[in-house]
file model_26.csv (CSV, C-alpha atoms)
chain,number,residue,atom,x,y,z
A,11,MET,CA,-33.5,-5.0,7.7
A,12,ASN,CA,-35.1,-7.0,5.0
A,13,ARG,CA,-35.2,-10.6,6.1
A,14,TYR,CA,-35.3,-12.1,2.7
A,15,ASP,CA,-32.3,-10.1,1.4
A,16,PHE,CA,-30.4,-10.9,4.6
A,17,LYS,CA,-31.0,-14.6,4.2
A,18,GLN,CA,-30.0,-14.4,0.5
A,19,GLY,CA,-26.8,-12.7,1.7
A,20,LEU,CA,-26.1,-15.3,4.3
A,21,LYS,CA,-26.5,-18.0,1.8
A,22,GLY,CA,-24.2,-16.5,-0.8
A,23,GLY,CA,-21.7,-15.6,1.9
A,24,ALA,CA,-21.7,-19.1,3.3
A,25,ILE,CA,-20.1,-20.5,0.1
A,26,ILE,CA,-17.3,-17.9,0.3
A,27,ALA,CA,-16.9,-18.5,4.0
A,28,LEU,CA,-16.5,-22.2,3.4
A,29,SER,CA,-13.9,-21.8,0.7
A,30,SER,CA,-11.9,-19.1,2.5
A,31,ALA,CA,-11.8,-20.9,5.8
A,32,PRO,CA,-8.7,-22.9,4.9
A,33,PHE,CA,-6.8,-19.6,4.6
A,34,GLY,CA,-8.1,-18.5,7.9
A,35,VAL,CA,-6.8,-21.7,9.4
A,36,LEU,CA,-3.5,-21.3,7.5
A,37,PHE,CA,-3.1,-17.7,8.8
A,38,GLY,CA,-3.8,-18.7,12.4
A,39,ALA,CA,-1.2,-21.5,12.2
A,40,VAL,CA,1.4,-19.2,10.5
A,41,ALA,CA,0.8,-16.4,13.0
A,42,ILE,CA,1.4,-18.6,16.0
A,43,ASP,CA,4.5,-20.0,14.3
A,44,ASN,CA,5.8,-16.5,13.8
A,45,GLY,CA,5.5,-15.5,17.5
A,46,LEU,CA,2.1,-14.0,17.9
A,47,SER,CA,0.0,-15.0,20.9
A,48,PHE,CA,-3.4,-16.5,20.5
A,49,LEU,CA,-5.2,-13.3,21.4
A,50,GLU,CA,-3.0,-11.2,19.0
A,51,THR,CA,-3.6,-13.6,16.2
A,52,TRP,CA,-7.3,-13.4,16.6
A,53,LEU,CA,-7.2,-9.6,17.0
A,54,MET,CA,-5.4,-9.3,13.7
A,55,SER,CA,-8.1,-11.3,11.9
A,56,ALA,CA,-10.8,-9.3,13.6
A,57,THR,CA,-9.4,-5.8,12.9
A,58,VAL,CA,-7.4,-6.0,9.7
A,59,TYR,CA,-9.7,-8.6,8.1
A,60,ALA,CA,-7.7,-8.9,4.8
A,61,GLY,CA,-6.3,-12.4,4.3
A,62,ALA,CA,-3.4,-11.9,1.9
A,63,SER,CA,-2.1,-8.8,3.7
A,64,GLN,CA,-2.3,-10.6,7.0
A,65,LEU,CA,-0.1,-13.4,5.7
A,66,VAL,CA,2.4,-10.9,4.3
A,67,GLY,CA,2.4,-8.9,7.5
A,68,ILE,CA,2.9,-11.9,9.7
A,69,GLU,CA,5.7,-13.1,7.5
A,70,LEU,CA,7.6,-9.8,7.8
A,71,PHE,CA,6.8,-9.6,11.5
A,72,GLY,CA,8.4,-13.1,11.9
A,73,GLN,CA,11.5,-11.8,10.1
A,74,ARG,CA,11.8,-8.9,12.7
A,75,VAL,CA,11.4,-6.3,10.0
A,76,GLU,CA,10.9,-2.7,11.1
A,77,PRO,CA,7.2,-2.2,12.2
A,78,TRP,CA,6.6,0.8,9.9
A,79,LEU,CA,7.7,-1.4,7.0
A,80,VAL,CA,5.3,-4.1,8.0
A,81,VAL,CA,2.4,-1.6,8.1
A,82,LEU,CA,3.5,-0.2,4.7
A,83,SER,CA,3.5,-3.6,3.2
A,84,VAL,CA,0.1,-4.4,4.5
A,85,PHE,CA,-1.0,-1.0,3.0
A,86,ALA,CA,0.5,-1.9,-0.3
A,87,VAL,CA,-1.1,-5.3,-0.5
A,88,ASN,CA,-4.5,-3.8,0.4
A,89,PHE,CA,-4.1,-0.8,-2.0
A,90,ARG,CA,-6.5,-2.5,-4.4
A,91,HIS,CA,-9.4,-1.7,-2.0
A,92,ILE,CA,-9.1,1.9,-2.9
A,93,LEU,CA,-10.3,0.9,-6.4
A,94,TYR,CA,-13.0,-1.3,-4.9
A,95,SER,CA,-14.5,1.4,-2.8
A,96,ALA,CA,-14.5,3.8,-5.7
A,97,ALA,CA,-16.2,1.3,-8.0
A,98,LEU,CA,-18.7,0.3,-5.3
A,99,ALA,CA,-19.8,3.9,-4.7
A,100,LYS,CA,-22.6,3.9,-7.3
A,101,PHE,CA,-24.2,0.7,-5.9
A,102,ILE,CA,-24.5,1.8,-2.2
A,103,ARG,CA,-26.0,5.3,-2.5
A,104,GLY,CA,-28.9,4.2,-0.5
A,105,PHE,CA,-26.8,3.3,2.6
A,106,THR,CA,-26.7,5.6,5.6
A,107,THR,CA,-23.3,6.9,6.7
A,108,LEU,CA,-23.0,4.3,9.4
A,109,GLN,CA,-24.0,1.5,7.0
A,110,LYS,CA,-21.4,2.7,4.6
A,111,ALA,CA,-18.7,2.8,7.3
A,112,LEU,CA,-19.5,-0.8,8.2
A,113,ALA,CA,-19.8,-1.8,4.6
A,114,PHE,CA,-16.3,-0.6,3.8
A,115,PHE,CA,-14.9,-2.5,6.8
A,116,LEU,CA,-16.3,-5.7,5.4
A,117,LEU,CA,-15.1,-5.0,1.8
A,118,VAL,CA,-13.0,-8.1,1.0
A,119,ASP,CA,-12.4,-9.3,-2.5
A,120,PRO,CA,-15.4,-11.7,-2.8
A,121,GLN,CA,-17.7,-9.1,-1.1
A,122,PHE,CA,-16.7,-6.6,-3.7
A,123,ALA,CA,-17.0,-9.0,-6.7
A,124,GLU,CA,-20.5,-10.3,-5.5
A,125,ALA,CA,-21.8,-6.8,-4.7
A,126,VAL,CA,-20.8,-5.5,-8.2
A,127,ARG,CA,-22.3,-8.5,-9.9
A,128,ARG,CA,-25.5,-8.2,-7.9
A,129,GLY,CA,-25.7,-4.5,-8.6
A,130,GLU,CA,-25.2,-5.0,-12.3
A,131,SER,CA,-27.7,-7.8,-12.5
A,132,GLY,CA,-30.4,-5.3,-11.4
A,133,LYS,CA,-31.2,-7.1,-8.2
A,134,GLY,CA,-30.0,-4.1,-6.2
A,135,VAL,CA,-27.4,-4.0,-3.4
A,136,SER,CA,-29.5,-3.6,-0.2
A,137,PHE,CA,-27.7,-3.2,3.1
A,138,SER,CA,-29.5,-6.3,4.4
A,139,TRP,CA,-28.0,-8.4,1.6
A,140,TYR,CA,-24.6,-6.8,1.9
A,141,PHE,CA,-24.5,-7.2,5.7
A,142,GLY,CA,-25.7,-10.8,5.6
A,143,PHE,CA,-23.1,-11.7,2.9
A,144,GLY,CA,-20.3,-10.0,4.8
A,145,VAL,CA,-21.0,-11.0,8.4
A,146,VAL,CA,-21.0,-14.7,7.6
A,147,ILE,CA,-17.6,-14.4,5.9
A,148,TYR,CA,-16.3,-12.2,8.8
A,149,ALA,CA,-17.4,-14.7,11.5
A,150,SER,CA,-16.0,-17.7,9.7
A,151,TRP,CA,-12.7,-15.9,9.2
A,152,SER,CA,-12.4,-15.2,12.9
A,153,ILE,CA,-13.3,-18.8,13.8
A,154,ALA,CA,-11.0,-20.3,11.2
A,155,THR,CA,-8.2,-18.1,12.5
A,156,MET,CA,-8.7,-19.4,16.0
A,157,VAL,CA,-8.9,-23.0,14.8
A,158,GLY,CA,-5.6,-22.6,13.0
A,159,ALA,CA,-4.0,-20.9,16.0
A,160,TRP,CA,-5.1,-23.7,18.2
A,161,PHE,CA,-4.3,-26.7,16.0
A,162,GLY,CA,-1.6,-25.1,13.9
A,163,LYS,CA,1.1,-27.6,14.7
A,164,MET,CA,-1.1,-30.5,13.6
A,165,ILE,CA,-1.8,-29.2,10.1
A,166,GLY,CA,1.7,-29.9,8.8
A,167,ASP,CA,3.0,-28.7,5.4
A,168,PRO,CA,0.2,-26.9,3.5
A,169,ALA,CA,1.7,-27.8,0.2
A,170,SER,CA,1.6,-31.6,0.8
A,171,ILE,CA,-2.1,-31.5,1.3
A,172,GLY,CA,-2.7,-29.0,-1.5
A,173,ILE,CA,-4.0,-26.1,0.5
A,174,ASP,CA,-1.7,-23.6,-1.2
A,175,ILE,CA,-3.5,-24.1,-4.5
A,176,LEU,CA,-6.9,-23.0,-3.2
A,177,LEU,CA,-6.2,-19.2,-3.1
A,178,PRO,CA,-5.0,-18.8,-6.7
A,179,VAL,CA,-7.8,-21.1,-8.0
A,180,TYR,CA,-10.3,-19.2,-6.0
A,181,PHE,CA,-9.2,-15.8,-7.4
A,182,LEU,CA,-9.1,-17.4,-10.9
A,183,GLY,CA,-12.8,-18.2,-10.4
A,184,MET,CA,-13.5,-14.6,-9.5
A,185,VAL,CA,-11.7,-13.3,-12.5
A,186,LEU,CA,-13.8,-15.6,-14.7
A,187,ALA,CA,-17.0,-14.3,-13.2
A,188,PHE,CA,-16.3,-11.0,-15.0
A,189,ARG,CA,-15.6,-12.6,-18.4
A,190,SER,CA,-18.7,-11.3,-20.2
A,191,ARG,CA,-17.7,-7.7,-19.4
A,192,TRP,CA,-16.8,-5.1,-22.0
A,193,GLY,CA,-13.0,-5.2,-22.8
A,194,PHE,CA,-12.4,-8.3,-20.6
A,195,PRO,CA,-9.7,-10.0,-22.7
A,196,PRO,CA,-7.4,-7.0,-23.3
A,197,VAL,CA,-7.7,-5.9,-19.6
A,198,VAL,CA,-6.9,-9.3,-18.2
A,199,LEU,CA,-4.0,-9.7,-20.7
A,200,ALA,CA,-2.5,-6.4,-19.7
A,201,SER,CA,-2.9,-7.1,-16.0
A,202,ALA,CA,-1.4,-10.6,-16.4
A,203,ILE,CA,1.6,-9.3,-18.3
A,204,GLY,CA,2.0,-6.2,-16.0
A,205,SER,CA,1.8,-8.2,-12.8
A,206,VAL,CA,4.2,-11.0,-13.9
A,207,ALA,CA,6.7,-8.4,-15.1
A,208,ALA,CA,6.4,-6.4,-11.9
A,209,TYR,CA,6.7,-9.5,-9.9
A,210,HIS,CA,10.1,-10.1,-11.5
A,211,PHE,CA,11.5,-6.6,-11.7
A,212,VAL,CA,10.0,-4.9,-8.7
A,213,GLY,CA,8.9,-7.7,-6.4
A,214,SER,CA,6.0,-8.6,-4.3
A,215,PRO,CA,3.7,-7.1,-3.1
A,216,TRP,CA,4.0,-4.3,-5.7
A,217,HIS,CA,3.0,-6.6,-8.6
A,218,VAL,CA,-0.7,-6.2,-7.4
A,219,SER,CA,-0.8,-2.4,-7.7
A,220,LEU,CA,1.4,-2.2,-10.8
A,221,GLY,CA,-0.4,-5.1,-12.7
A,222,ALA,CA,-3.8,-3.6,-11.9
A,223,ALA,CA,-2.6,-0.2,-13.1
A,224,ALA,CA,-1.6,-1.8,-16.5
A,225,GLY,CA,-5.1,-3.4,-16.9
A,226,ILE,CA,-6.9,-0.2,-15.9
A,227,ILE,CA,-4.8,2.0,-18.2
A,228,VAL,CA,-5.7,-0.4,-21.1
A,229,ALA,CA,-9.4,-0.1,-20.1
A,230,THR,CA,-9.3,3.7,-20.4
A,231,LEU,CA,-7.6,3.4,-23.9
A,232,LEU,CA,-10.1,1.0,-25.3
A,233,PRO,CA,-13.0,2.3,-27.4
A,234,LEU,CA,-15.9,3.2,-25.1
A,235,LYS,CA,-18.7,0.7,-24.7
A,236,PRO,CA,-21.6,1.4,-27.0
A,237,ARG,CA,-24.5,2.6,-24.7
A,238,HIS,CA,-27.7,0.7,-24.9
A,239,GLU,CA,-29.0,0.8,-21.3
A,240,PRO,CA,-29.9,4.2,-20.0
A,241,ASP,CA,-28.6,3.2,-16.6
A,242,ALA,CA,-25.0,3.3,-17.7
A,243,ALA,CA,-25.4,7.0,-18.6
A,244,VAL,CA,-26.1,7.9,-15.0
A,245,ALA,CA,-22.6,8.5,-14.0
A,246,GLY,CA,-23.0,11.1,-11.3
A,247,VAL,CA,-22.6,10.0,-7.7
A,248,GLU,CA,-24.9,11.6,-5.2
A,249,ARG,CA,-24.1,11.9,-1.6
B,26,MET,CA,-2.5,-21.3,25.2
B,27,ASN,CA,-0.9,-17.9,25.2
B,28,GLY,CA,-3.4,-15.1,25.7
B,29,SER,CA,-0.9,-12.3,26.2
B,30,LEU,CA,-0.9,-8.9,24.5
B,31,ASP,CA,2.4,-7.2,23.8
B,32,THR,CA,2.0,-3.4,23.6
B,33,GLY,CA,4.3,-3.1,20.5
B,34,THR,CA,2.6,-5.9,18.7
B,35,LEU,CA,-0.8,-4.5,19.6
B,36,LEU,CA,0.1,-1.1,18.2
B,37,LEU,CA,1.4,-2.8,15.1
B,38,ILE,CA,-1.8,-4.7,14.6
B,39,LEU,CA,-4.0,-1.7,15.1
B,40,ALA,CA,-1.8,0.4,12.7
B,41,ALA,CA,-2.2,-2.3,10.1
B,42,ALA,CA,-6.0,-2.3,10.7
B,43,VAL,CA,-6.2,1.5,10.3
B,44,ALA,CA,-4.1,1.4,7.1
B,45,THR,CA,-6.3,-1.3,5.7
B,46,TYR,CA,-9.5,0.6,6.6
B,47,LEU,CA,-8.1,3.7,4.9
B,48,THR,CA,-7.7,1.7,1.7
B,49,ARG,CA,-11.2,0.5,2.0
B,50,ILE,CA,-12.8,3.9,2.4
B,51,GLY,CA,-10.3,6.0,0.4
B,52,GLY,CA,-11.7,5.3,-3.1
B,53,TYR,CA,-15.2,6.2,-2.0
B,54,VAL,CA,-14.1,9.4,-0.4
B,55,LEU,CA,-12.2,10.4,-3.5
B,56,ILE,CA,-15.0,9.5,-6.0
B,57,THR,CA,-17.7,11.2,-4.1
B,58,ARG,CA,-15.8,14.5,-4.2
B,59,MET,CA,-16.3,14.5,-8.0
B,60,ARG,CA,-19.6,15.9,-9.3
B,61,SER,CA,-19.7,13.6,-12.3
B,62,ILE,CA,-17.5,10.8,-13.5
B,63,PRO,CA,-16.1,11.1,-17.1
B,64,PRO,CA,-16.8,8.1,-19.3
B,65,ARG,CA,-13.2,7.1,-19.5
B,66,MET,CA,-13.0,7.0,-15.7
B,67,GLU,CA,-16.2,5.0,-15.6
B,68,ALA,CA,-14.5,2.5,-18.0
B,69,ALA,CA,-11.5,2.4,-15.7
B,70,LEU,CA,-13.6,1.7,-12.7
B,71,ASN,CA,-15.5,-1.0,-14.5
B,72,ALA,CA,-12.2,-2.7,-15.3
B,73,VAL,CA,-11.2,-2.8,-11.6
B,74,PRO,CA,-12.4,-6.2,-10.6
B,75,ALA,CA,-10.8,-8.2,-13.5
B,76,ALA,CA,-7.7,-6.1,-13.5
B,77,VAL,CA,-7.0,-6.4,-9.8
B,78,LEU,CA,-8.0,-10.1,-9.4
B,79,THR,CA,-5.8,-11.1,-12.4
B,80,THR,CA,-2.7,-9.8,-10.6
B,81,LEU,CA,-3.5,-12.3,-7.8
B,82,VAL,CA,-3.7,-15.1,-10.3
B,83,ALA,CA,-1.1,-14.6,-13.1
B,84,PRO,CA,2.1,-14.6,-11.0
B,85,ALA,CA,0.9,-17.7,-9.1
B,86,PHE,CA,0.5,-19.4,-12.5
B,87,PHE,CA,3.8,-18.4,-14.1
B,88,GLU,CA,5.9,-18.7,-11.0
B,89,GLY,CA,4.4,-22.0,-9.9
B,90,GLY,CA,5.7,-25.4,-10.9
B,91,TRP,CA,4.0,-27.8,-13.3
B,92,ASP,CA,1.8,-29.0,-10.4
B,93,VAL,CA,0.4,-25.5,-10.0
B,94,LYS,CA,0.1,-24.8,-13.7
B,95,ILE,CA,-1.8,-28.1,-14.4
B,96,ALA,CA,-4.1,-27.6,-11.4
B,97,MET,CA,-5.0,-24.1,-12.5
B,98,LEU,CA,-5.7,-25.2,-16.1
B,99,VAL,CA,-7.9,-28.0,-14.8
B,100,ALA,CA,-9.7,-25.5,-12.6
B,101,LEU,CA,-10.1,-23.1,-15.5
B,102,ALA,CA,-11.7,-25.9,-17.6
B,103,ALA,CA,-14.0,-26.8,-14.7
B,104,ALA,CA,-15.0,-23.2,-14.2
B,105,LEU,CA,-16.4,-22.9,-17.7
B,106,ARG,CA,-19.0,-25.5,-17.0
B,107,PHE,CA,-19.4,-25.9,-13.2
B,108,PRO,CA,-20.0,-23.7,-10.2
B,109,GLY,CA,-17.2,-22.4,-7.9
B,110,LEU,CA,-17.0,-25.1,-5.3
B,111,ILE,CA,-16.5,-27.8,-8.0
B,112,MET,CA,-13.9,-25.7,-9.6
B,113,LEU,CA,-12.1,-25.4,-6.3
B,114,ALA,CA,-12.3,-29.1,-5.7
B,115,ALA,CA,-11.1,-29.9,-9.2
B,116,GLY,CA,-8.0,-27.7,-8.8
B,117,TRP,CA,-7.3,-29.1,-5.4
B,118,ALA,CA,-7.7,-32.8,-6.6
B,119,ALA,CA,-5.4,-32.0,-9.6
B,120,VAL,CA,-2.6,-30.6,-7.5
B,121,VAL,CA,-2.8,-33.5,-5.0
B,122,ILE,CA,-2.6,-36.0,-7.9
B,123,CYS,CA,0.3,-34.1,-9.5
B,124,ARG,CA,2.3,-34.1,-6.2
B,125,HIS,CA,1.6,-37.5,-4.8
B,126,LEU,CA,1.0,-39.7,-7.8
B,127,LEU,CA,2.9,-38.0,-10.6
B,128,GLY,CA,5.7,-36.6,-8.4
B,129,LEU,CA,5.6,-33.2,-10.0
call {"tool": "encode", "arguments": {"input": "model_26.csv", "output": "structure tokens"}}
result
Amino acid sequence: MNRYDFKQGLKGGAIIALSSAPFGVLFGAVAIDNGLSFLETWLMSATVYAGASQLVGIELFGQRVEPWLVVLSVFAVNFRHILYSAALAKFIRGFTTLQKALAFFLLVDPQFAEAVRRGESGKGVSFSWYFGFGVVIYASWSIATMVGAWFGKMIGDPASIGIDILLPVYFLGMVLAFRSRWGFPPVVLASAIGSVAAYHFVGSPWHVSLGAAAGIIVATLLPLKPRHEPDAAVAGVER
Amino acid sequence: MNGSLDTGTLLLILAAAVATYLTRIGGYVLITRMRSIPPRMEAALNAVPAAVLTTLVAPAFFEGGWDVKIAMLVALAAALRFPGLIMLAAGWAAVVICRHLLGL
């Protein structure tokens, strides 16, 4: 472990941990409200560790939907991670198998976004940094879930204190972080149109996969980025 | 405080956890099976973050009321000049003002 990288990771992750904590609290409160025990609520945050899908899963669980359908919905909401782990591959070639296994467990949206940004900036994605970044978010997610499960009833209506706006704003910020990328405007436009259309005609949670597919298809149809940096030509992935 | 564990619920949670882990490792397993990545596929992978994250934003904006729309536009404006936490605070302040002072 490189102490400097680890500390850098902790520092970066702490900002994310802070801004995602309200959702952990929200999940804890909603889970108890939908009939999970305290232990079950915490266990879900500790093992699934994917906020949006946990909220969808718990909502369906509360409606007494068939268990296999709950699992399928969680899978559908999380399907985007398949794309994340594919795109992350080239940055974590130096990890050992065990480190990779752990890294993928911690692969939440901001973890992916930050790792890619760091990798592209040339700083390199070391395991120390990745682990530091991930572990602080993981710990805070667990703690926030327990806080929510404990004090859930006292929070009241999330909309009246404005908690519900934090998640979309937070994701908006992550989208904007990639705005200098090649083909950003057409990709975002296609994803936006695709996801809103899918939301209307197919329904949630499929708008995530279908909208993303629209953006990615547009990206493959765009003229290729002119190559300046030799690094971009190294496309092969070694084991 | 209820510390109980129901077997059915426990299995459901673990199944959800396994399904989630499969999505997190699946893309890597698929991509490392390929010897080289064609440029079009590289372009597709590079578009992943913006494409996926947009789908978490756009429906919230278009399906949300005026309070949500205004808050997200305020946050967007803030994001162009300030770091993330200020953006988050600006969006939150805007939605609270919309709801409690403007009655949107």
call {"tool": "interface_residues", "arguments": {"input": "model_26.csv", "of": "chain B", "to": "chain A", "cutoff": "7 Å", "atoms": "all atoms listed in the file", "output": "number ranges by chain"}}
result
B: 26-30, 37-38, 40-42, 44-46, 48-53, 56-57, 60-62, 65-66, 68-85, 93, 97, 100, 104, 109, 113, 116-117, 120-121
call {"tool": "atom_distance", "arguments": {"input": "model_26.csv", "atom1": "atom CA of B:Ala96", "atom2": "atom CA of B:Ile111"}}
result
12.9 Å
call {"tool": "residues_around", "arguments": {"input": "model_26.csv", "residues": "stretch 16-18 of chain A", "least_positions_apart": "6", "cutoff": "8 Å", "atoms": "all atoms listed in the file", "output": "list in words"}}
result
Ser138, Trp139, Tyr140, Phe141, Gly142 and Phe143 of chain A
call {"tool": "residues_around", "arguments": {"input": "model_26.csv", "residues": "A:Phe105", "least_positions_apart": "3", "cutoff": "8 Å", "atoms": "only C-alpha atoms", "output": "ChimeraX atom specification"}}
result
/A:102,108-110,136-137
call {"tool": "atom_distance", "arguments": {"input": "model_26.csv", "atom1": "atom CA of A:Trp52", "atom2": "atom CA of A:Gly162"}}
result
13.3 Å
call {"tool": "atom_distance", "arguments": {"input": "model_26.csv", "atom1": "atom CA of A:Ala27", "atom2": "atom CA of A:Ser150"}}
result
5.8 Å
call {"tool": "decode", "arguments": {"input": "model_26.csv", "residues": "stretch 76-93 of chain A", "atoms": "N, CA and C atoms", "output": "PDB file, in the first residue's frame"}}
result
ATOM      1  N   GLU A  76     -43.150 -10.694  -6.274  1.00  0.00           N
ATOM      2  CA  GLU A  76     -42.411 -11.963  -6.291  1.00  0.00           C
ATOM      3  C   GLU A  76     -40.906 -11.731  -6.110  1.00  0.00           C
ATOM      4  N   PRO A  77     -40.254 -12.544  -5.258  1.00  0.00           N
ATOM      5  CA  PRO A  77     -38.819 -12.337  -4.995  1.00  0.00           C
ATOM      6  C   PRO A  77     -37.954 -12.317  -6.258  1.00  0.00           C
ATOM      7  N   TRP A  78     -38.230 -13.222  -7.218  1.00  0.00           N
ATOM      8  CA  TRP A  78     -37.372 -13.262  -8.410  1.00  0.00           C
ATOM      9  C   TRP A  78     -37.472 -11.965  -9.208  1.00  0.00           C
ATOM     10  N   LEU A  79     -38.647 -11.338  -9.138  1.00  0.00           N
ATOM     11  CA  LEU A  79     -38.845 -10.077  -9.853  1.00  0.00           C
ATOM     12  C   LEU A  79     -38.084  -8.939  -9.161  1.00  0.00           C
ATOM     13  N   VAL A  80     -37.996  -9.031  -7.830  1.00  0.00           N
ATOM     14  CA  VAL A  80     -37.219  -8.044  -7.076  1.00  0.00           C
ATOM     15  C   VAL A  80     -35.749  -8.139  -7.497  1.00  0.00           C
ATOM     16  N   VAL A  81     -35.242  -9.383  -7.546  1.00  0.00           N
ATOM     17  CA  VAL A  81     -33.840  -9.597  -7.915  1.00  0.00           C
ATOM     18  C   VAL A  81     -33.597  -9.146  -9.362  1.00  0.00           C
ATOM     19  N   LEU A  82     -34.538  -9.451 -10.245  1.00  0.00           N
ATOM     20  CA  LEU A  82     -34.391  -9.051 -11.648  1.00  0.00           C
ATOM     21  C   LEU A  82     -34.370  -7.522 -11.780  1.00  0.00           C
ATOM     22  N   SER A  83     -35.195  -6.846 -11.002  1.00  0.00           N
ATOM     23  CA  SER A  83     -35.218  -5.380 -11.054  1.00  0.00           C
ATOM     24  C   SER A  83     -33.909  -4.785 -10.543  1.00  0.00           C
ATOM     25  N   VAL A  84     -33.391  -5.380  -9.464  1.00  0.00           N
ATOM     26  CA  VAL A  84     -32.100  -4.928  -8.942  1.00  0.00           C
ATOM     27  C   VAL A  84     -31.033  -5.119 -10.025  1.00  0.00           C
ATOM     28  N   PHE A  85     -31.083  -6.258 -10.694  1.00  0.00           N
ATOM     29  CA  PHE A  85     -30.130  -6.540 -11.772  1.00  0.00           C
ATOM     30  C   PHE A  85     -30.271  -5.504 -12.889  1.00  0.00           C
ATOM     31  N   ALA A  86     -31.506  -5.184 -13.241  1.00  0.00           N
ATOM     32  CA  ALA A  86     -31.746  -4.234 -14.333  1.00  0.00           C
ATOM     33  C   ALA A  86     -31.209  -2.844 -13.980  1.00  0.00           C
ATOM     34  N   VAL A  87     -31.462  -2.406 -12.744  1.00  0.00           N
ATOM     35  CA  VAL A  87     -30.973  -1.087 -12.338  1.00  0.00           C
ATOM     36  C   VAL A  87     -29.445  -1.066 -12.328  1.00  0.00           C
ATOM     37  N   ASN A  88     -28.854  -2.199 -11.987  1.00  0.00           N
ATOM     38  CA  ASN A  88     -27.394  -2.253 -11.876  1.00  0.00           C
ATOM     39  C   ASN A  88     -26.688  -2.642 -13.163  1.00  0.00           C
ATOM     40  N   PHE A  89     -27.466  -2.887 -14.204  1.00  0.00           N
ATOM     41  CA  PHE A  89     -26.878  -3.386 -15.452  1.00  0.00           C
ATOM     42  C   PHE A  89     -25.767  -2.476 -15.973  1.00  0.00           C
ATOM     43  N   ARG A  90     -25.870  -1.172 -15.693  1.00  0.00           N
ATOM     44  CA  ARG A  90     -24.863  -0.216 -16.157  1.00  0.00           C
ATOM     45  C   ARG A  90     -23.460  -0.562 -15.681  1.00  0.00           C
ATOM     46  N   HIS A  91     -23.370  -1.294 -14.563  1.00  0.00           N
ATOM     47  CA  HIS A  91     -22.049  -1.636 -14.036  1.00  0.00           C
ATOM     48  C   HIS A  91     -21.262  -2.546 -14.981  1.00  0.00           C
ATOM     49  N   ILE A  92     -21.977  -3.295 -15.814  1.00  0.00           N
ATOM     50  CA  ILE A  92     -21.297  -4.134 -16.810  1.00  0.00           C
ATOM     51  C   ILE A  92     -20.440  -3.239 -17.705  1.00  0.00           C
ATOM     52  N   LEU A  93     -21.036  -2.109 -18.094  1.00  0.00           N
ATOM     53  CA  LEU A  93     -20.290  -1.171 -18.925  1.00  0.00           C
ATOM     54  C   LEU A  93     -19.138  -0.553 -18.142  1.00  0.00           C
TER      55      LEU A  93
END
